[in-house]
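Novice: Mind having a look at this structure? Questions to follow.
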Amino acid sequence: MWGRGKKRFGGGGSGEPAAKRQAARDDGPSESAEDGTVVAEISKNKKVSVRSWKGRVFVDLREFYFKDGKTLPTRKGISLQLDQWKILKDNIKAINEAIEENT
């Protein structure tokens, strides 16, 4: 558990400076919409895509924004590994039943 007043990225009182977060690089899993195959547009800014990163396949559900004529991803979203995607897919019936009960 994190101690009170200690920085999450280093600097925990050991005399070392706190580590800085690095900006996303071009080899990241969600750098741009062109990196993956857009499978479905849920709405104007929400898309489902399938992408490969570091030899692994991900199903990416993410919000996007437009800047300088490009569609870029936001941090709002989730990337599911294939095993996670299969679990979600196998539970669609239960999810739909829960939606029916609550509408």
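Going through the structure tokens in order, the chains are called A, B, and so on, while each chain numbers its residues from 1 and the ligands are numbered from 1 in the order shown.
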Hey, what's within 10 Å of Lys46 in chain A if we count only C-alpha atoms and toss same-chain stuff fewer than 5 positions away? As an MDAnalysis selection string, please?

Specialist: chainID A and resid 40:41 61:65 73:74 76:77

Novice: Which value, in Å to one decimal, gives the distance between CA of Thr37 in chain A and CA of Ser49 in chain A?

Specialist: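 Atom-to-atom, CA of Thr37 in chain A to CA of Ser49 in chain A, that is 5.3 Å.
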
Novice: Please indicate the distance in Å from CA of Arg56 in chain A to CA of Ser43 in chain A, rounded to one decimal place.

Specialist: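 Result for CA of Arg56 in chain A versus CA of Ser43 in chain A: 26.5 Å, one decimal.
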
Novice: Taking the DSSP secondary structure from the backbone, can you list the residues of range 40-89 of chain A that are helix (DSSP H, G or I), as a list in words?

Specialist: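 Going through range 40-89 of chain A, the helix (DSSP H, G or I) residues come out as Leu82, Asp83, Gln84, Trp85, Lys86, Ile87, Leu88 and Lys89 of chain A.
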
Novice: Using CA of Ser79 in chain A and CA of Glu100 in chain A as the two end points, give the distance in Å to one decimal.

Specialist: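 Going from CA of Ser79 in chain A over to CA of Glu100 in chain A, I get 26.2 Å.
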